[in-house]
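K.L.:
Input protein-v6.cif, format and content: mmCIF, C-alpha atoms.
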```
data_protein
loop_
_atom_site.label_atom_id
_atom_site.label_comp_id
_atom_site.auth_asym_id
_atom_site.auth_seq_id
_atom_site.Cartn_x
_atom_site.Cartn_y
_atom_site.Cartn_z
CA ALA A 299 99.01 265.76 -114.70
CA GLN A 300 100.10 264.93 -118.19
CA THR A 301 100.39 267.88 -120.56
CA VAL A 302 100.79 268.15 -124.30
CA THR A 303 102.33 271.30 -125.75
CA GLN A 304 102.15 272.51 -129.31
CA SER A 305 103.98 275.80 -129.23
CA GLN A 306 103.50 276.82 -132.87
CA PRO A 307 99.94 278.10 -133.48
CA GLU A 308 100.33 278.30 -137.25
CA MET A 309 102.57 277.03 -140.02
CA SER A 310 102.62 277.32 -143.76
CA VAL A 311 104.15 275.10 -146.42
CA GLN A 312 104.48 275.23 -150.19
CA GLU A 313 102.69 272.48 -152.07
CA ALA A 314 105.00 269.46 -152.69
CA GLU A 315 107.40 270.59 -149.94
CA THR A 316 108.00 269.01 -146.53
CA VAL A 317 106.86 270.45 -143.23
CA THR A 318 107.43 269.37 -139.63
CA LEU A 319 104.94 270.04 -136.83
CA SER A 320 106.29 270.02 -133.28
CA CYS A 321 104.86 268.53 -130.11
CA THR A 322 106.26 267.99 -126.64
CA TYR A 323 104.65 266.23 -123.71
CA ASP A 324 105.23 265.75 -120.06
CA THR A 325 104.78 262.43 -118.29
CA SER A 326 106.37 260.24 -115.65
CA GLU A 327 104.98 257.09 -117.22
CA SER A 328 106.92 254.71 -119.47
CA ASP A 329 103.99 252.97 -121.16
CA TYR A 330 101.95 255.37 -123.23
CA TYR A 331 100.73 256.20 -126.71
CA LEU A 332 101.04 259.31 -128.84
CA PHE A 333 98.86 260.40 -131.72
CA TRP A 334 98.47 263.03 -134.38
CA TYR A 335 94.89 263.87 -135.35
CA LYS A 336 93.88 266.05 -138.28
CA GLN A 337 90.84 268.35 -138.22
CA PRO A 338 90.00 269.69 -141.70
CA PRO A 339 87.39 272.44 -142.26
CA SER A 340 84.71 269.73 -142.22
CA ARG A 341 85.46 269.57 -138.45
CA GLN A 342 85.71 265.78 -138.26
CA MET A 343 88.79 264.59 -136.37
CA ILE A 344 90.78 261.99 -138.29
CA LEU A 345 93.64 259.89 -136.93
CA VAL A 346 96.81 260.50 -138.93
CA ILE A 347 99.35 258.38 -137.07
CA ARG A 348 99.82 256.48 -133.81
CA GLN A 349 103.02 255.67 -131.90
CA GLU A 350 103.51 253.24 -129.03
CA ALA A 351 106.12 254.51 -126.59
CA TYR A 352 107.84 251.15 -126.12
CA LYS A 353 108.47 250.81 -129.84
CA GLN A 354 111.81 252.23 -130.93
CA GLN A 355 110.84 252.50 -134.58
CA ASN A 356 109.16 255.70 -135.68
CA ALA A 357 105.65 255.21 -137.08
CA THR A 358 105.02 255.92 -140.76
CA GLU A 359 101.80 256.20 -142.76
CA ASN A 360 102.42 256.99 -146.43
CA ARG A 361 103.53 260.67 -146.58
CA PHE A 362 103.26 261.07 -142.81
CA SER A 363 106.01 260.07 -140.41
CA VAL A 364 106.97 260.91 -136.86
CA ASN A 365 110.21 261.66 -135.08
CA PHE A 366 109.70 260.19 -131.62
CA GLN A 367 112.37 261.18 -129.10
CA LYS A 368 111.37 259.49 -125.86
CA ALA A 369 114.11 260.92 -123.67
CA ALA A 370 113.37 264.44 -124.87
CA LYS A 371 109.60 263.81 -124.72
CA SER A 372 109.24 265.10 -128.23
CA PHE A 373 106.88 263.82 -130.92
CA SER A 374 107.00 265.72 -134.21
CA LEU A 375 105.02 265.01 -137.37
CA LYS A 376 106.65 265.25 -140.78
CA ILE A 377 104.45 265.67 -143.83
CA SER A 378 106.25 264.99 -147.09
CA ASP A 379 105.11 266.11 -150.54
CA SER A 380 102.47 268.39 -149.00
CA GLN A 381 99.14 268.52 -150.76
CA LEU A 382 96.36 271.11 -150.69
CA GLY A 383 94.19 268.59 -148.85
CA ASP A 384 96.67 268.56 -145.97
CA ALA A 385 95.52 272.04 -144.94
CA ALA A 386 93.89 271.57 -141.55
CA MET A 387 94.38 271.85 -137.82
CA TYR A 388 96.66 269.16 -136.43
CA PHE A 389 96.43 268.00 -132.85
CA CYS A 390 99.01 266.04 -130.93
CA ALA A 391 97.53 263.75 -128.27
CA TYR A 392 98.73 261.49 -125.47
CA THR A 393 97.28 258.67 -123.43
CA GLU A 394 98.60 256.14 -120.97
CA ASN A 395 98.03 252.44 -121.02
CA GLY A 396 95.61 251.90 -118.16
CA ALA A 397 92.01 251.50 -117.13
CA ASN A 398 91.55 255.13 -116.11
CA SER A 399 93.47 256.65 -118.98
CA LYS A 400 92.10 259.40 -121.16
CA LEU A 401 93.24 261.12 -124.33
CA THR A 402 94.85 264.52 -123.67
CA PHE A 403 95.14 266.87 -126.63
CA GLY A 404 97.45 269.77 -127.34
CA LYS A 405 96.05 273.14 -128.43
CA GLY A 406 96.59 272.33 -132.10
CA ILE A 407 98.41 273.94 -134.99
CA THR A 408 96.84 275.38 -138.13
CA LEU A 409 98.65 274.26 -141.26
CA SER A 410 98.10 276.11 -144.50
CA VAL A 411 99.36 274.84 -147.87
CA ARG A 412 100.31 277.37 -150.54
CA PRO A 413 99.66 276.32 -154.16
CA ASP B 1337 82.84 259.27 -143.48
CA SER B 1338 83.77 257.85 -140.06
CA GLY B 1339 80.48 256.02 -139.55
CA VAL B 1340 79.75 257.99 -136.38
CA THR B 1341 76.57 260.05 -136.63
CA GLN B 1342 75.85 263.09 -134.49
CA THR B 1343 72.65 265.10 -134.41
CA PRO B 1344 71.87 267.90 -134.60
CA LYS B 1345 74.79 269.51 -136.45
CA HIS B 1346 73.94 272.95 -135.08
CA LEU B 1347 71.99 274.03 -132.03
CA ILE B 1348 71.17 277.55 -130.91
CA THR B 1349 69.57 278.05 -127.53
CA ALA B 1350 69.31 280.50 -124.65
CA THR B 1351 70.97 280.60 -121.25
CA GLY B 1352 69.24 278.47 -118.64
CA GLN B 1353 67.89 276.01 -121.18
CA ARG B 1354 68.49 272.27 -121.51
CA VAL B 1355 69.55 270.45 -124.67
CA THR B 1356 70.24 266.86 -125.69
CA LEU B 1357 72.94 265.86 -128.14
CA ARG B 1358 72.72 262.47 -129.79
CA CYS B 1359 75.40 260.11 -131.07
CA SER B 1360 75.23 256.82 -132.96
CA PRO B 1361 78.55 254.95 -132.95
CA ARG B 1362 80.09 253.03 -135.81
CA SER B 1363 78.54 249.63 -136.39
CA GLY B 1364 80.28 247.15 -134.10
CA ASP B 1365 81.82 249.73 -131.78
CA LEU B 1366 80.85 249.26 -128.15
CA SER B 1367 82.35 252.39 -126.67
CA VAL B 1368 81.34 256.03 -127.00
CA TYR B 1369 83.36 259.04 -125.92
CA TRP B 1370 82.25 262.66 -125.59
CA TYR B 1371 84.61 265.59 -126.10
CA GLN B 1372 84.15 269.34 -125.90
CA GLN B 1373 86.13 271.68 -128.16
CA SER B 1374 86.21 275.39 -127.33
CA LEU B 1375 88.57 278.22 -128.22
CA ASP B 1376 89.79 278.79 -124.67
CA GLN B 1377 89.85 275.20 -123.33
CA GLY B 1378 90.77 273.32 -126.49
CA LEU B 1379 89.70 269.68 -126.78
CA GLN B 1380 88.62 268.20 -123.47
CA PHE B 1381 87.47 264.70 -122.66
CA LEU B 1382 84.10 264.67 -120.94
CA ILE B 1383 82.96 261.08 -120.43
CA GLN B 1384 83.14 257.55 -121.86
CA TYR B 1385 80.70 254.67 -121.97
CA TYR B 1386 81.32 251.05 -122.81
CA ASN B 1387 78.44 248.73 -123.61
CA GLY B 1388 76.00 250.81 -121.59
CA GLU B 1389 78.20 251.40 -118.55
CA GLU B 1390 80.16 254.50 -117.62
CA ARG B 1391 83.87 253.68 -117.97
CA ALA B 1392 85.78 256.93 -117.53
CA LYS B 1393 85.02 260.46 -116.53
CA GLY B 1394 86.90 263.62 -117.46
CA ASN B 1395 86.17 267.29 -116.99
CA ILE B 1396 82.41 266.96 -117.13
CA LEU B 1397 80.37 269.54 -115.23
CA GLU B 1398 77.65 268.46 -112.81
CA ARG B 1399 75.12 270.22 -115.06
CA PHE B 1400 76.03 267.76 -117.80
CA SER B 1401 75.05 264.10 -117.89
CA ALA B 1402 75.21 261.30 -120.42
CA GLN B 1403 74.04 257.78 -120.98
CA GLN B 1404 74.46 254.95 -123.44
CA PHE B 1405 71.37 252.99 -124.39
CA PRO B 1406 71.01 249.25 -125.13
CA ASP B 1407 71.23 249.92 -128.86
CA LEU B 1408 74.58 251.62 -128.07
CA HIS B 1409 73.61 255.11 -129.11
CA SER B 1410 74.46 257.79 -126.59
CA GLU B 1411 73.02 261.08 -125.47
CA LEU B 1412 74.72 264.01 -123.78
CA ASN B 1413 72.39 266.21 -121.76
CA LEU B 1414 73.42 269.77 -120.99
CA SER B 1415 71.27 271.73 -118.56
CA SER B 1416 71.17 275.22 -117.03
CA LEU B 1417 73.18 276.34 -120.01
CA GLU B 1418 75.62 279.22 -119.69
CA LEU B 1419 77.31 281.35 -122.33
CA GLY B 1420 80.56 279.51 -121.66
CA ASP B 1421 79.01 276.20 -122.69
CA SER B 1422 79.07 277.34 -126.31
CA ALA B 1423 81.39 274.88 -128.02
CA LEU B 1424 81.72 272.08 -130.52
CA TYR B 1425 80.75 268.77 -128.92
CA PHE B 1426 82.22 265.65 -130.45
CA CYS B 1427 81.27 262.06 -130.07
CA ALA B 1428 83.76 259.32 -130.92
CA SER B 1429 83.55 255.55 -130.88
CA SER B 1430 85.92 252.60 -130.71
CA VAL B 1431 85.76 248.84 -130.58
CA LYS B 1432 87.41 247.93 -127.29
CA GLY B 1433 86.85 251.10 -125.31
CA GLN B 1434 90.51 251.84 -124.79
CA HIS B 1435 91.82 255.37 -125.23
CA ASN B 1436 94.95 254.04 -126.94
CA GLU B 1437 92.86 252.71 -129.82
CA LYS B 1438 92.02 254.56 -132.98
CA LEU B 1439 88.98 256.69 -132.24
CA PHE B 1440 86.43 257.43 -134.93
CA PHE B 1441 84.93 260.89 -134.54
CA GLY B 1442 81.63 262.30 -135.67
CA SER B 1443 81.32 265.72 -137.28
CA GLY B 1444 80.25 267.31 -134.02
CA THR B 1445 77.36 269.39 -132.77
CA GLN B 1446 78.02 273.13 -132.72
CA LEU B 1447 76.22 274.54 -129.68
CA SER B 1448 75.64 278.27 -129.41
CA VAL B 1449 74.21 279.61 -126.15
CA LEU B 1450 72.87 283.15 -126.51
#
```
Starting from the coordinates I provided, produce the structure as structure tokens.
P.N.:
Amino acid sequence: AQTVTQSQPEMSVQEAETVTLSCTYDTSESDYYLFWYKQPPSRQMILVIRQEAYKQQNATENRFSVNFQKAAKSFSLKISDSQLGDAAMYFCAYTENGANSKLTFGKGITLSVRP
Amino acid sequence: DSGVTQTPKHLITATGQRVTLRCSPRSGDLSVYWYQQSLDQGLQFLIQYYNGEERAKGNILERFSAQQFPDLHSELNLSSLELGDSALYFCASSVKGQHNEKLFFGSGTQLSVL
């Protein structure tokens, strides 16, 4: 079974600084997708960024970028110029490309932003 | 606001009872997904519907059932409730019903079983 591991339960960053959140996954598939979702105190899950495994280029969305290392099965999220509104739980997630696929989430990491 | 509406936001009930959670997807989305978030199990996929038909099943207990109605809203029924069923239940929706799409999540229903 596919697994997603987020080994750091908590991280903290100073406002305006850069922070990197780690994620590793285990799969024998070659065609899959990886995601980072944000869950602020309002509880609503929000998609931050999405990466297709067959694309070499790392995905970027404004201040958010990923470092996708396919061979190492690593998918880290970099948040640049951290803002107070970035404080939330962040979940790494994985799914395959197929009819019976499902989204598998990691345990999440709590990010706090210090003013 | 994601456009996905879940009711109620909070639900407190007793063991052995039955409850129904309701979800209205985003306008235009044909697929609805149900997820359970608990401290010990994390976020787990329960079940997915696409245009009224069950499409995928995850770790859903036999005591739980769901359906999607012709107007595309969905209901998750939880019966013979146990203390361990206390969790945050999310509904999400998407256009094509593929898990590799962007999913739009509701704010969840917090269920407390006492």
K.L.:
Give me the residues within 7 Å of segment 339-348 of chain A as a list in words, counting all atoms listed in the file and dropping any in the same chain fewer than 2 places off.
P.N.:
Leu332, Phe333, Trp334, Tyr335, Lys336, Gln337, Glu350, Ala357, Glu359 and Ala386 of chain A; Lys1438, Phe1441, Gly1442 and Ser1443 of chain B
K.L.:
Output C-alpha atoms for every residue in the selection just made, as a PDB file, in the frame of the given file.
P.N.:
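Once everything was written out, this is selection_27.pdb:
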```pdb
ATOM      1  CA  LEU A 332     101.040 259.310-128.840  1.00  0.00           C
ATOM      2  CA  PHE A 333      98.860 260.400-131.720  1.00  0.00           C
ATOM      3  CA  TRP A 334      98.470 263.030-134.380  1.00  0.00           C
ATOM      4  CA  TYR A 335      94.890 263.870-135.350  1.00  0.00           C
ATOM      5  CA  LYS A 336      93.880 266.050-138.280  1.00  0.00           C
ATOM      6  CA  GLN A 337      90.840 268.350-138.220  1.00  0.00           C
ATOM      7  CA  GLU A 350     103.510 253.240-129.030  1.00  0.00           C
ATOM      8  CA  ALA A 357     105.650 255.210-137.080  1.00  0.00           C
ATOM      9  CA  GLU A 359     101.800 256.200-142.760  1.00  0.00           C
ATOM     10  CA  ALA A 386      93.890 271.570-141.550  1.00  0.00           C
TER      11      ALA A 386
ATOM     12  CA  LYS B1438      92.020 254.560-132.980  1.00  0.00           C
ATOM     13  CA  PHE B1441      84.930 260.890-134.540  1.00  0.00           C
ATOM     14  CA  GLY B1442      81.630 262.300-135.670  1.00  0.00           C
ATOM     15  CA  SER B1443      81.320 265.720-137.280  1.00  0.00           C
TER      16      SER B1443
END
```
K.L.:
Would you write out, as an NGL selection string, every residue that the PyMOL selection byres ((chain B and resi 1372) around 8) captures in this file?
P.N.:
:B and (1370-1371 or 1373-1374 or 1378-1382 or 1423-1426)
K.L.:
Apply the PyMOL selection byres ((chain B and resi 1355-1366) around 7) to the displayed file and report the matching residues as a PDB file with C-alpha atoms, keeping the file's coordinate frame.
P.N.:
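The resulting selection-v4.pdb:
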```
ATOM      1  CA  GLY B1339      80.480 256.020-139.550  1.00  0.00           C
ATOM      2  CA  VAL B1340      79.750 257.990-136.380  1.00  0.00           C
ATOM      3  CA  THR B1341      76.570 260.050-136.630  1.00  0.00           C
ATOM      4  CA  GLN B1342      75.850 263.090-134.490  1.00  0.00           C
ATOM      5  CA  THR B1343      72.650 265.100-134.410  1.00  0.00           C
ATOM      6  CA  PRO B1344      71.870 267.900-134.600  1.00  0.00           C
ATOM      7  CA  GLN B1353      67.890 276.010-121.180  1.00  0.00           C
ATOM      8  CA  ARG B1354      68.490 272.270-121.510  1.00  0.00           C
ATOM      9  CA  SER B1367      82.350 252.390-126.670  1.00  0.00           C
ATOM     10  CA  VAL B1368      81.340 256.030-127.000  1.00  0.00           C
ATOM     11  CA  TYR B1386      81.320 251.050-122.810  1.00  0.00           C
ATOM     12  CA  ASN B1387      78.440 248.730-123.610  1.00  0.00           C
ATOM     13  CA  LEU B1408      74.580 251.620-128.070  1.00  0.00           C
ATOM     14  CA  HIS B1409      73.610 255.110-129.110  1.00  0.00           C
ATOM     15  CA  SER B1410      74.460 257.790-126.590  1.00  0.00           C
ATOM     16  CA  GLU B1411      73.020 261.080-125.470  1.00  0.00           C
ATOM     17  CA  LEU B1412      74.720 264.010-123.780  1.00  0.00           C
ATOM     18  CA  ASN B1413      72.390 266.210-121.760  1.00  0.00           C
ATOM     19  CA  LEU B1414      73.420 269.770-120.990  1.00  0.00           C
ATOM     20  CA  SER B1415      71.270 271.730-118.560  1.00  0.00           C
ATOM     21  CA  CYS B1427      81.270 262.060-130.070  1.00  0.00           C
ATOM     22  CA  SER B1429      83.550 255.550-130.880  1.00  0.00           C
ATOM     23  CA  SER B1430      85.920 252.600-130.710  1.00  0.00           C
ATOM     24  CA  VAL B1431      85.760 248.840-130.580  1.00  0.00           C
ATOM     25  CA  LYS B1432      87.410 247.930-127.290  1.00  0.00           C
ATOM     26  CA  GLY B1433      86.850 251.100-125.310  1.00  0.00           C
TER      27      GLY B1433
END
```
K.L.:
Return as a PDB file with C-alpha atoms, in the coordinates of the input the set of residues that the PyMOL selection byres ((chain B and resi 1421) around 9) yields on the displayed structure.
P.N.:
```pdb
ATOM      1  CA  SER B1374      86.210 275.390-127.330  1.00  0.00           C
ATOM      2  CA  LEU B1414      73.420 269.770-120.990  1.00  0.00           C
ATOM      3  CA  LEU B1417      73.180 276.340-120.010  1.00  0.00           C
ATOM      4  CA  GLU B1418      75.620 279.220-119.690  1.00  0.00           C
ATOM      5  CA  LEU B1419      77.310 281.350-122.330  1.00  0.00           C
ATOM      6  CA  GLY B1420      80.560 279.510-121.660  1.00  0.00           C
ATOM      7  CA  SER B1422      79.070 277.340-126.310  1.00  0.00           C
ATOM      8  CA  ALA B1423      81.390 274.880-128.020  1.00  0.00           C
ATOM      9  CA  LEU B1447      76.220 274.540-129.680  1.00  0.00           C
ATOM     10  CA  SER B1448      75.640 278.270-129.410  1.00  0.00           C
ATOM     11  CA  VAL B1449      74.210 279.610-126.150  1.00  0.00           C
TER      12      VAL B1449
END
```
K.L.:
For a quick check of understanding, using only C-alpha atoms, which of A:Ser320, A:Thr325, A:Gln355, A:Ser410 has the smallest distance to Gly383 of chain A?
P.N.:
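That would be A:Ser410, the residue with the smallest distance to Gly383 of chain A.
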K.L.:
Could you state the separation of atom CA of Glu1389 of chain B and atom CA of Gln349 of chain A in Å, given to one decimal place?
P.N.:
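Computed distance, atom CA of Glu1389 of chain B to atom CA of Gln349 of chain A, equals 28.5 Å.
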K.L.:
Rounded to one decimal in Å, what is the spacing between atom CA of Ile407 of chain A and atom CA of Ser305 of chain A?
P.N.:
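Between atom CA of Ile407 of chain A and atom CA of Ser305 of chain A the gap works out to 8.2 Å.
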K.L.:
At a cut-off of 10 Å, using all atoms listed in the file, what residues contact Gln354 of chain A? Leave out same-chain residues fewer than 6 positions from it and give the result as a ChimeraX atom specification.
P.N.:
/A:366-368
K.L.:
Mind checking which residues fall within 9 Å of Gln304 of chain A, counting all atoms listed in the file, ignoring those fewer than 4 positions away in the same chain, and posting them as a PyMOL selection string?
P.N.:
chain A and resi 319-323+389-390+404-407
K.L.:
Please, could N, CA and C atoms be added to segment 340-358 of chain A and the result written as a short mmCIF file (atom, residue, chain, number, x, y, z; two decimals), keeping the file's coordinate frame?
P.N.:
```cif
data_model
loop_
_atom_site.label_atom_id
_atom_site.label_comp_id
_atom_site.auth_asym_id
_atom_site.auth_seq_id
_atom_site.Cartn_x
_atom_site.Cartn_y
_atom_site.Cartn_z
N SER A 340 85.95 270.49 -142.45
CA SER A 340 84.71 269.73 -142.22
C SER A 340 84.49 269.42 -140.74
N ARG A 341 85.49 269.70 -139.91
CA ARG A 341 85.46 269.57 -138.45
C ARG A 341 85.72 268.16 -137.93
N GLN A 342 85.57 267.15 -138.75
CA GLN A 342 85.71 265.78 -138.26
C GLN A 342 87.16 265.46 -137.97
N MET A 343 87.43 264.97 -136.77
CA MET A 343 88.79 264.59 -136.37
C MET A 343 89.15 263.25 -137.01
N ILE A 344 90.35 263.21 -137.60
CA ILE A 344 90.78 261.99 -138.29
C ILE A 344 92.16 261.60 -137.77
N LEU A 345 92.34 260.34 -137.40
CA LEU A 345 93.64 259.89 -136.93
C LEU A 345 94.62 259.84 -138.10
N VAL A 346 95.77 260.49 -137.91
CA VAL A 346 96.81 260.50 -138.93
C VAL A 346 97.83 259.40 -138.65
N ILE A 347 98.28 259.33 -137.39
CA ILE A 347 99.35 258.38 -137.07
C ILE A 347 99.36 258.12 -135.57
N ARG A 348 99.83 256.93 -135.20
CA ARG A 348 99.82 256.48 -133.81
C ARG A 348 101.18 255.87 -133.49
N GLN A 349 101.71 256.18 -132.31
CA GLN A 349 103.02 255.67 -131.90
C GLN A 349 102.92 255.07 -130.50
N GLU A 350 103.44 253.86 -130.35
CA GLU A 350 103.51 253.24 -129.03
C GLU A 350 104.87 253.55 -128.43
N ALA A 351 104.89 254.01 -127.19
CA ALA A 351 106.12 254.51 -126.59
C ALA A 351 107.21 253.44 -126.47
N TYR A 352 106.82 252.18 -126.31
CA TYR A 352 107.84 251.15 -126.12
C TYR A 352 108.44 250.67 -127.43
N LYS A 353 107.90 251.17 -128.53
CA LYS A 353 108.47 250.81 -129.84
C LYS A 353 109.52 251.83 -130.24
N GLN A 354 110.71 251.35 -130.54
CA GLN A 354 111.81 252.23 -130.93
C GLN A 354 111.58 252.84 -132.30
N GLN A 355 110.98 252.06 -133.19
CA GLN A 355 110.84 252.50 -134.58
C GLN A 355 109.77 253.58 -134.69
N ASN A 356 110.11 254.61 -135.44
CA ASN A 356 109.16 255.70 -135.68
C ASN A 356 108.04 255.24 -136.61
N ALA A 357 106.80 255.60 -136.27
CA ALA A 357 105.65 255.21 -137.08
C ALA A 357 105.64 255.98 -138.40
N THR A 358 105.14 255.32 -139.43
CA THR A 358 105.02 255.92 -140.76
C THR A 358 103.70 255.50 -141.38
#
```
